[in-house]
$ cat protein17.txt   # compact mmCIF, C-alpha atoms
# COMPACT_ATOMS: atom_id res chain seq x y z
CA MET A 1 83.22 121.40 76.00
CA GLN A 2 85.75 118.66 75.16
CA GLU A 3 84.51 115.11 75.56
CA THR A 4 87.40 114.29 77.89
CA ARG A 5 86.30 117.04 80.25
CA VAL A 6 82.71 115.75 80.24
CA GLY A 7 84.08 112.29 81.03
CA GLU A 8 86.20 113.65 83.89
CA ILE A 9 83.27 115.48 85.42
CA GLU A 10 81.15 112.34 85.22
CA GLN A 11 83.95 110.37 86.91
CA LEU A 12 84.24 112.97 89.66
CA LEU A 13 80.47 112.76 90.24
CA GLU A 14 80.92 108.99 90.72
CA PHE A 15 83.64 109.76 93.27
CA VAL A 16 81.28 112.15 95.09
CA VAL A 17 78.68 109.37 95.32
CA GLU A 18 81.29 106.78 96.38
CA ILE A 19 82.72 108.77 99.29
CA GLU A 20 79.19 109.30 100.56
CA LYS A 21 79.46 105.76 101.98
CA LEU A 22 81.47 107.29 104.82
CA LYS A 23 78.08 108.50 106.17
CA ALA A 24 77.26 104.84 106.88
CA VAL A 25 80.46 104.09 108.84
CA LEU A 26 79.57 104.18 112.54
CA ARG A 27 82.07 105.17 115.18
CA LYS A 28 82.11 104.15 118.84
CA THR A 29 81.02 107.39 120.52
CA ARG A 30 77.69 109.22 120.57
CA PRO A 31 77.63 112.96 119.85
CA VAL A 32 76.74 115.03 122.92
CA GLY A 33 72.96 115.01 123.29
CA LEU A 34 72.29 112.28 120.71
CA GLU A 35 71.37 108.65 121.35
CA ARG A 36 72.81 107.35 118.10
CA ARG A 37 76.44 106.69 117.29
CA GLU A 38 78.45 109.18 115.30
CA ASN A 39 79.36 108.47 111.69
CA SER A 40 82.76 109.13 110.16
CA ALA A 41 81.50 111.78 107.69
CA GLU A 42 80.06 114.11 110.32
CA HIS A 43 83.10 113.43 112.51
CA SER A 44 85.30 114.57 109.61
CA TRP A 45 83.41 117.88 109.39
CA HIS A 46 83.64 118.33 113.14
CA VAL A 47 87.40 117.89 113.34
CA CYS A 48 87.99 120.26 110.40
CA LEU A 49 86.18 123.07 112.18
CA THR A 50 87.80 122.16 115.50
CA ALA A 51 91.23 122.39 113.85
CA LEU A 52 90.40 125.80 112.44
CA MET A 53 89.34 127.12 115.86
CA PHE A 54 92.39 125.89 117.79
CA ARG A 55 95.04 126.81 115.23
CA GLU A 56 96.55 129.51 117.44
CA TYR A 57 97.29 126.90 120.07
CA ALA A 58 99.37 124.61 117.85
CA ASN A 59 102.89 124.02 119.19
CA GLU A 60 104.47 124.87 115.83
CA PRO A 61 103.29 127.12 113.00
CA VAL A 62 100.97 125.04 110.79
CA ASP A 63 99.49 125.55 107.34
CA ILE A 64 95.91 125.25 108.57
CA ASP A 65 94.51 124.68 105.07
CA ARG A 66 96.71 121.60 104.63
CA VAL A 67 95.53 120.43 108.06
CA ILE A 68 91.90 120.82 106.98
CA ARG A 69 92.47 118.93 103.72
CA MET A 70 94.12 116.13 105.69
CA LEU A 71 91.17 115.92 108.03
CA LEU A 72 88.66 115.98 105.16
CA ILE A 73 90.18 112.76 103.80
CA HIS A 74 91.69 111.15 106.91
CA ASP A 75 88.90 108.58 107.34
CA LEU A 76 88.22 107.67 103.68
CA GLY A 77 89.91 104.29 104.21
CA GLU A 78 87.11 103.35 106.60
CA ILE A 79 84.64 102.97 103.71
CA ASP A 80 86.29 99.61 103.06
CA ALA A 81 88.03 98.92 106.38
CA GLY A 82 85.35 100.10 108.83
CA ASP A 83 85.96 102.09 111.99
CA LYS A 84 87.85 100.56 114.90
CA ILE A 85 88.05 102.22 118.28
CA VAL A 86 91.35 104.12 118.37
CA TYR A 87 92.66 102.03 121.27
CA ALA A 88 92.58 98.93 119.02
CA SER A 89 92.99 100.49 115.59
CA GLU A 90 96.66 101.13 115.38
CA THR A 91 97.69 97.72 114.18
CA ALA A 92 99.59 97.01 110.97
CA GLU A 93 96.63 94.98 109.71
CA GLN A 94 94.03 97.74 110.20
CA LYS A 95 96.36 100.39 108.80
CA ALA A 96 97.05 98.27 105.69
CA ALA A 97 93.32 97.77 105.15
CA GLU A 98 92.72 101.52 105.46
CA ALA A 99 95.56 102.35 103.06
CA ALA A 100 94.17 99.93 100.48
CA GLY A 101 90.72 101.46 100.97
CA VAL A 102 91.96 105.01 100.48
CA GLN A 103 93.83 103.96 97.34
CA ARG A 104 90.77 102.24 95.90
CA VAL A 105 88.57 105.27 96.46
CA LEU A 106 91.14 107.79 95.19
CA ALA A 107 91.71 105.67 92.08
CA LEU A 108 88.26 106.87 91.00
CA VAL A 109 89.67 110.39 90.61
CA PRO A 110 90.59 111.00 86.96
CA GLY A 111 93.94 112.21 85.65
CA GLY A 112 96.07 110.80 88.45
CA ARG A 113 94.99 113.63 90.70
CA GLY A 114 94.21 111.28 93.55
CA GLU A 115 97.91 110.74 94.17
CA GLU A 116 98.38 114.09 95.85
CA LEU A 117 95.58 113.28 98.27
CA PHE A 118 96.99 109.82 98.98
CA ALA A 119 100.34 111.42 99.86
CA LEU A 120 98.47 113.73 102.24
CA TRP A 121 96.71 110.74 103.81
CA GLN A 122 100.07 109.01 104.30
CA GLU A 123 101.49 112.15 105.87
CA PHE A 124 98.58 112.23 108.32
CA GLU A 125 99.10 108.58 109.24
CA ALA A 126 102.85 108.99 109.74
CA GLY A 127 102.39 111.99 112.04
CA GLU A 128 105.89 113.28 111.42
CA THR A 129 105.17 116.82 110.18
CA ALA A 130 103.86 119.85 112.05
CA GLU A 131 100.54 119.66 110.18
CA SER A 132 100.02 115.96 110.78
CA ARG A 133 100.97 116.17 114.46
CA TYR A 134 98.41 118.94 114.91
CA ALA A 135 95.74 117.16 112.81
CA ARG A 136 96.20 113.93 114.79
CA ALA A 137 95.90 115.89 118.04
CA ILE A 138 92.64 117.49 116.94
CA ASP A 139 91.24 114.16 115.74
CA ARG A 140 91.23 112.99 119.37
CA VAL A 141 89.36 115.96 120.85
CA PRO A 142 85.68 115.45 119.92
CA PRO A 143 85.53 111.75 120.95
CA LEU A 144 87.02 112.69 124.33
CA LEU A 145 84.36 115.39 124.73
CA HIS A 146 81.70 112.80 123.84
CA ASN A 147 82.91 110.62 126.68
CA LEU A 148 83.49 113.47 129.13
CA ARG A 149 80.00 114.90 128.49
CA GLY A 150 78.33 111.53 127.95
CA GLY A 151 78.98 109.46 131.05
CA GLY A 152 82.17 107.93 129.66
CA HIS A 153 79.95 105.67 127.54
CA ALA A 154 82.51 104.45 124.98
CA TRP A 155 85.20 103.94 127.62
CA LYS A 156 82.81 101.78 129.63
CA GLU A 157 81.26 99.87 126.70
CA ASN A 158 84.71 99.02 125.34
CA LYS A 159 86.37 98.52 128.74
CA ILE A 160 89.12 101.07 128.13
CA PRO A 161 91.11 101.62 131.34
CA LYS A 162 92.22 105.12 132.32
CA GLU A 163 95.88 104.25 131.71
CA LYS A 164 95.14 103.65 128.02
CA VAL A 165 93.06 106.82 127.75
CA PHE A 166 95.86 108.97 129.14
CA ALA A 167 98.62 107.21 127.21
CA LEU A 168 97.01 107.34 123.78
CA ASN A 169 95.56 110.83 124.07
CA SER A 170 98.77 112.36 125.31
CA ARG A 171 99.52 112.72 121.59
CA ILE A 172 97.29 115.78 121.78
CA GLY A 173 100.30 117.38 123.48
CA ASP A 174 102.44 116.68 120.41
CA GLY A 175 100.13 119.01 118.46
CA SER A 176 99.16 121.44 121.22
CA ARG A 177 100.65 121.29 124.69
CA GLU A 178 98.16 123.89 125.95
CA LEU A 179 95.12 122.05 124.66
CA TRP A 180 96.37 118.78 126.18
CA GLN A 181 96.93 120.52 129.51
CA VAL A 182 93.26 121.56 129.65
CA ILE A 183 91.94 118.21 128.44
CA GLU A 184 94.24 116.23 130.75
CA GLU A 185 92.78 118.16 133.65
CA GLN A 186 89.24 117.33 132.50
CA LEU A 187 90.22 113.65 132.24
CA GLN A 188 91.62 113.77 135.77
CA GLY A 189 88.25 115.18 136.83
CA ALA A 190 86.59 112.22 135.13
CA VAL A 191 88.80 109.86 137.12
CA ALA A 192 87.98 111.70 140.34
CA SER A 193 84.24 111.46 139.66
CA GLY A 194 84.41 107.76 138.70
CA LEU A 195 83.55 108.30 135.02
CA LEU A 196 86.91 106.92 133.94
CA GLU A 197 88.38 103.97 135.81
CA MET B 1 100.07 128.75 130.84
CA GLN B 2 98.27 132.05 131.39
CA GLU B 3 94.82 131.79 132.94
CA THR B 4 93.28 133.73 130.03
CA ARG B 5 94.56 131.10 127.61
CA VAL B 6 93.12 128.29 129.73
CA GLY B 7 89.81 130.15 129.73
CA GLU B 8 89.90 130.62 125.97
CA ILE B 9 90.58 126.94 125.38
CA GLU B 10 87.70 126.02 127.67
CA GLN B 11 85.42 128.41 125.75
CA LEU B 12 86.51 126.91 122.43
CA LEU B 13 85.74 123.43 123.74
CA GLU B 14 82.22 124.68 124.54
CA PHE B 15 81.98 125.94 120.96
CA VAL B 16 83.07 122.52 119.67
CA VAL B 17 80.28 120.90 121.70
CA GLU B 18 77.72 123.53 120.62
CA ILE B 19 78.29 123.17 116.86
CA GLU B 20 77.87 119.42 117.23
CA LYS B 21 74.12 120.12 117.27
CA LEU B 22 74.36 120.42 113.49
CA LYS B 23 74.53 116.60 113.49
CA ALA B 24 70.90 116.61 114.63
CA VAL B 25 69.61 118.93 111.87
CA LEU B 26 67.95 116.76 109.26
CA ARG B 27 67.84 117.73 105.61
CA LYS B 28 65.29 116.68 103.00
CA THR B 29 67.30 114.19 100.94
CA ARG B 30 68.61 110.72 101.72
CA PRO B 31 72.25 109.90 100.94
CA VAL B 32 72.62 107.41 98.09
CA GLY B 33 72.08 103.91 99.51
CA LEU B 34 70.78 105.02 102.92
CA GLU B 35 67.19 104.98 104.18
CA ARG B 36 67.64 107.83 106.63
CA ARG B 37 67.75 111.53 105.88
CA GLU B 38 71.04 113.34 105.66
CA ASN B 39 72.13 115.69 108.45
CA SER B 40 73.70 119.08 107.90
CA ALA B 41 77.04 118.16 109.49
CA GLU B 42 77.79 115.26 107.16
CA HIS B 43 76.47 117.34 104.24
CA SER B 44 79.00 120.05 105.17
CA TRP B 45 81.86 117.54 104.99
CA HIS B 46 80.59 116.22 101.68
CA VAL B 47 80.43 119.62 99.96
CA CYS B 48 83.91 120.57 101.22
CA LEU B 49 85.45 117.54 99.57
CA THR B 50 83.28 117.99 96.46
CA ALA B 51 84.52 121.58 96.16
CA LEU B 52 88.12 120.41 96.42
CA MET B 53 87.64 117.85 93.65
CA PHE B 54 85.93 120.19 91.15
CA ARG B 55 88.15 123.23 91.68
CA GLU B 56 89.68 123.01 88.19
CA TYR B 57 86.21 123.41 86.70
CA ALA B 58 85.38 126.71 88.41
CA ASN B 59 84.56 129.50 85.94
CA GLU B 60 86.96 131.90 87.65
CA PRO B 61 90.15 131.27 89.64
CA VAL B 62 89.12 130.61 93.24
CA ASP B 63 90.99 130.43 96.53
CA ILE B 64 89.87 126.88 97.27
CA ASP B 65 90.82 127.10 100.94
CA ARG B 66 88.49 130.07 101.44
CA VAL B 67 85.78 128.08 99.64
CA ILE B 68 86.31 125.14 102.01
CA ARG B 69 86.16 127.38 105.09
CA MET B 70 82.92 128.89 103.79
CA LEU B 71 81.42 125.46 103.30
CA LEU B 72 82.55 124.28 106.75
CA ILE B 73 80.45 127.02 108.36
CA HIS B 74 77.73 127.65 105.75
CA ASP B 75 75.01 125.74 107.61
CA LEU B 76 75.82 126.73 111.23
CA GLY B 77 72.71 128.97 111.27
CA GLU B 78 70.55 125.86 110.96
CA ILE B 79 71.31 124.84 114.55
CA ASP B 80 68.78 127.47 115.58
CA ALA B 81 66.81 127.98 112.36
CA GLY B 82 66.52 124.37 111.14
CA ASP B 83 66.89 123.19 107.57
CA LYS B 84 64.37 124.22 104.93
CA ILE B 85 64.34 122.70 101.45
CA VAL B 86 66.26 125.07 99.20
CA TYR B 87 63.20 125.72 97.02
CA ALA B 88 61.46 127.33 100.02
CA SER B 89 64.43 128.53 102.06
CA GLU B 90 65.44 131.70 100.31
CA THR B 91 63.04 134.00 102.10
CA ALA B 92 64.02 137.06 104.10
CA GLU B 93 62.55 135.46 107.21
CA GLN B 94 64.53 132.20 106.98
CA LYS B 95 67.72 134.06 106.08
CA ALA B 96 67.32 136.41 109.06
CA ALA B 97 66.79 133.44 111.37
CA GLU B 98 69.92 131.77 110.01
CA ALA B 99 72.00 134.94 110.35
CA ALA B 100 70.91 135.33 113.97
CA GLY B 101 71.75 131.66 114.57
CA VAL B 102 75.23 131.97 113.10
CA GLN B 103 75.87 135.07 115.19
CA ARG B 104 74.74 133.37 118.39
CA VAL B 105 76.98 130.38 117.80
CA LEU B 106 80.01 132.43 116.74
CA ALA B 107 79.60 134.68 119.78
CA LEU B 108 80.84 131.68 121.78
CA VAL B 109 84.27 132.10 120.15
CA PRO B 110 86.55 134.10 122.48
CA GLY B 111 88.50 137.21 121.57
CA GLY B 112 86.15 138.45 118.87
CA ARG B 113 87.58 135.88 116.47
CA GLY B 114 84.13 134.79 115.38
CA GLU B 115 83.69 138.01 113.40
CA GLU B 116 85.95 136.88 110.58
CA LEU B 117 83.89 133.72 110.20
CA PHE B 118 80.63 135.66 110.26
CA ALA B 119 81.93 137.87 107.43
CA LEU B 120 82.74 134.70 105.50
CA TRP B 121 79.22 133.37 106.11
CA GLN B 122 77.75 136.66 104.85
CA GLU B 123 79.96 136.47 101.77
CA PHE B 124 78.67 132.95 101.07
CA GLU B 125 75.07 134.09 101.44
CA ALA B 126 75.52 137.11 99.16
CA GLY B 127 77.10 135.02 96.42
CA GLU B 128 78.84 138.00 94.86
CA THR B 129 82.48 136.86 94.87
CA ALA B 130 84.19 134.15 92.83
CA GLU B 131 84.59 131.96 95.93
CA SER B 132 80.98 132.29 97.05
CA ARG B 133 79.59 131.70 93.55
CA TYR B 134 81.61 128.51 93.33
CA ALA B 135 80.75 127.41 96.89
CA ARG B 136 77.03 127.98 96.28
CA ALA B 137 77.26 125.97 93.06
CA ILE B 138 78.90 123.03 94.83
CA ASP B 139 76.36 123.16 97.68
CA ARG B 140 73.67 122.13 95.17
CA VAL B 141 75.49 119.11 93.70
CA PRO B 142 75.12 116.33 96.33
CA PRO B 143 71.38 116.84 96.92
CA LEU B 144 70.79 116.64 93.15
CA LEU B 145 72.78 113.40 93.04
CA HIS B 146 70.65 112.08 95.93
CA ASN B 147 67.53 112.70 93.87
CA LEU B 148 69.00 111.53 90.57
CA ARG B 149 70.28 108.27 92.15
CA GLY B 150 67.38 107.93 94.59
CA GLY B 151 64.20 107.93 92.53
CA GLY B 152 63.73 111.69 92.78
CA HIS B 153 62.48 111.13 96.35
CA ALA B 154 62.80 114.67 97.71
CA TRP B 155 61.37 116.24 94.54
CA LYS B 156 58.33 113.96 94.81
CA GLU B 157 57.84 114.20 98.58
CA ASN B 158 58.00 117.99 98.44
CA LYS B 159 56.15 118.35 95.13
CA ILE B 160 58.93 120.31 93.42
CA PRO B 161 58.15 120.73 89.69
CA LYS B 162 60.90 120.39 87.11
CA GLU B 163 60.73 124.11 86.27
CA LYS B 164 61.80 124.99 89.82
CA VAL B 165 64.54 122.37 89.82
CA PHE B 166 66.07 123.74 86.62
CA ALA B 167 65.62 127.40 87.58
CA LEU B 168 67.16 127.20 91.05
CA ASN B 169 70.00 124.84 90.19
CA SER B 170 71.08 126.81 87.15
CA ARG B 171 73.15 128.74 89.70
CA ILE B 172 75.59 125.85 89.42
CA GLY B 173 76.50 127.46 86.08
CA ASP B 174 77.46 130.68 87.88
CA GLY B 175 80.20 128.70 89.63
CA SER B 176 81.03 126.16 86.93
CA ARG B 177 79.45 126.23 83.49
CA GLU B 178 80.97 122.85 82.63
CA LEU B 179 79.66 121.12 85.75
CA TRP B 180 76.19 122.58 85.16
CA GLN B 181 76.25 121.37 81.56
CA VAL B 182 76.80 117.77 82.72
CA ILE B 183 74.26 117.97 85.54
CA GLU B 184 71.66 119.70 83.38
CA GLU B 185 71.92 116.81 80.96
CA GLN B 186 71.39 114.32 83.80
CA LEU B 187 68.34 116.31 84.93
CA GLN B 188 66.96 116.20 81.40
CA GLY B 189 67.45 112.44 81.54
CA ALA B 190 65.43 112.39 84.76
CA VAL B 191 62.63 114.29 83.02
CA ALA B 192 62.74 111.85 80.09
CA SER B 193 62.51 108.87 82.43
CA GLY B 194 59.68 110.40 84.47
CA LEU B 195 61.74 110.82 87.67
CA LEU B 196 61.31 114.59 87.53
CA GLU B 197 57.97 116.01 86.45

$ encode --input "protein17.txt" --output "structure tokens"
Amino acid sequence: MQETRVGEIEQLLEFVVEIEKLKAVLRKTRPVGLERRENSAEHSWHVCLTALMFREYANEPVDIDRVIRMLLIHDLGEIDAGDKIVYASETAEQKAAEAAGVQRVLALVPGGRGEELFALWQEFEAGETAESRYARAIDRVPPLLHNLRGGGHAWKENKIPKEKVFALNSRIGDGSRELWQVIEEQLQGAVASGLLE
Amino acid sequence: MQETRVGEIEQLLEFVVEIEKLKAVLRKTRPVGLERRENSAEHSWHVCLTALMFREYANEPVDIDRVIRMLLIHDLGEIDAGDKIVYASETAEQKAAEAAGVQRVLALVPGGRGEELFALWQEFEAGETAESRYARAIDRVPPLLHNLRGGGHAWKENKIPKEKVFALNSRIGDGSRELWQVIEEQLQGAVASGLLE
């Protein structure tokens, strides 16, 4: 084997160890049935499989494999920038910190091959393509289920009013109107039962 | 929206909550830099991204998106069967328990659409196609890195001799000879330094 290929494999193994830090980034919600908070690595797995299962309900035809790749990398910027609750995360400052974090991590990939993944990350963030609209919709689903099935814990702990919950999560409808219709109804049930105020 | 579609979406949301239990299945190794054991959900994310990064080093051309789908679901059977260390897991009994577990979970998917995923899980387990050989190779990489960068903790705690480590992990070479060559050398370094006995 050529020495350059050995060197590239060793670099990629460093990348594999580096991205593992995402397992230490804690999110705001607790998985259903668990007392501990979710981390961004297991969340990333969860949304990939969720996207695969709901693909027939996307508003527009999507390349599901591009969606899954997007979701595999969508939180890599949090290794450096940390996780912020979505209701406070969409600021220019947090987004710039995440972009810098993604670029730092992907710079570890040899041969300039990280650039393709950075472009995919930017596409996800912009949310202007069919795949990114659908991926961003799916990204919202598990944390809502955590709250709906877990006493609304993150809404309460972070004092998120129902108006914000409905407004921000209505983006689910941009990816799948049908999925949003079902979830919106469950959120209305949460309001009716006092879980969401 | 048709009532059957509402019902299917509700069933899929139940599936999304059910598979979340994989976040509570603890494996035998600790991620690099963490004191706690890894869970099978975050492991699944990690191997998907690892597979994507090493695709150019596969022995045979692989459909990387099929590989990623395989790896997204490869541990779902552990929700019911639990995780066993790989050196003791490849028994008919454990494999039957995992198959039954995967089938139970995928039966929650409406419209018989779980069957395609079960076939993919079986393909992964059999390891007889280019995609499954590569996926099974990649599945071994992060836990080896955990041991190599973490004092050989799981080898020591579970009294795994070096002969077993080399014999079982040589399957990495079935998926990528070049990757195995680099890792084998790192394992020999671990023997030389007394980390692996």

$ atom_distance --input "protein17.txt" --atom1 "CA of Leu12 (chain A)" --atom2 "CA of Ser40 (chain A)"
20.9 Å

$ interface_residues --input "protein17.txt" --of "chain A" --to "chain B" --cutoff "6 Å" --atoms "all atoms listed in the file" --output "list of chain:residue names"
A:Ala41, A:Glu42, A:Trp45

$ residues_around --input "protein17.txt" --residues "Leu187 (chain A)" --least-positions-apart "3" --cutoff "8 Å" --atoms "all atoms listed in the file" --output "mmCIF file with C-alpha atoms, in the frame of the given file"
data_model
loop_
_atom_site.group_PDB
_atom_site.id
_atom_site.type_symbol
_atom_site.label_atom_id
_atom_site.label_comp_id
_atom_site.auth_asym_id
_atom_site.auth_seq_id
_atom_site.Cartn_x
_atom_site.Cartn_y
_atom_site.Cartn_z
ATOM 1 C CA LEU A 148 83.490 113.470 129.130
ATOM 2 C CA PHE A 166 95.860 108.970 129.140
ATOM 3 C CA ILE A 183 91.940 118.210 128.440
ATOM 4 C CA GLU A 184 94.240 116.230 130.750
ATOM 5 C CA ALA A 190 86.590 112.220 135.130
ATOM 6 C CA VAL A 191 88.800 109.860 137.120
ATOM 7 C CA LEU A 196 86.910 106.920 133.940
#

$ atom_distance --input "protein17.txt" --atom1 "CA of Arg104 (chain A)" --atom2 "CA of Trp121 (chain A)"
13.0 Å

$ closest_residue --input "protein17.txt" --among "A:Arg37, A:Val62, A:Leu106, A:Tyr87" --to "Gln11 (chain A)" --atoms "all atoms listed in the file"
A:Leu106

$ residues_around --input "protein17.txt" --residues "Tyr134 (chain B)" --least-positions-apart "4" --cutoff "9 Å" --atoms "only C-alpha atoms" --output "PyMOL selection string"
chain B and resi 51+55+58-60+62+67+127+129-130+138-139+172-176

$ atom_distance --input "protein17.txt" --atom1 "CA of Phe118 (chain B)" --atom2 "CA of Ala99 (chain B)"
8.7 Å

$ closest_residue --input "protein17.txt" --among "B:Lys95, B:Lys84, B:Lys164, B:Lys159" --to "Glu125 (chain B)" --atoms "all atoms listed in the file"
B:Lys95

$ closest_residue --input "protein17.txt" --among "A:Ser170, A:Ser132, A:Ser193, A:Gln122" --to "Gln103 (chain A)" --atoms "all atoms listed in the file"
A:Gln122

$ closest_residue --input "protein17.txt" --among "A:Arg136, A:Ala88, A:Gln186, A:Arg36" --to "Ile160 (chain A)" --atoms "only C-alpha atoms"
A:Ala88

$ closest_residue --input "protein17.txt" --among "A:Ala81, A:Asn147, A:Glu123, A:Arg30" --to "Val105 (chain A)" --atoms "all atoms listed in the file"
A:Ala81
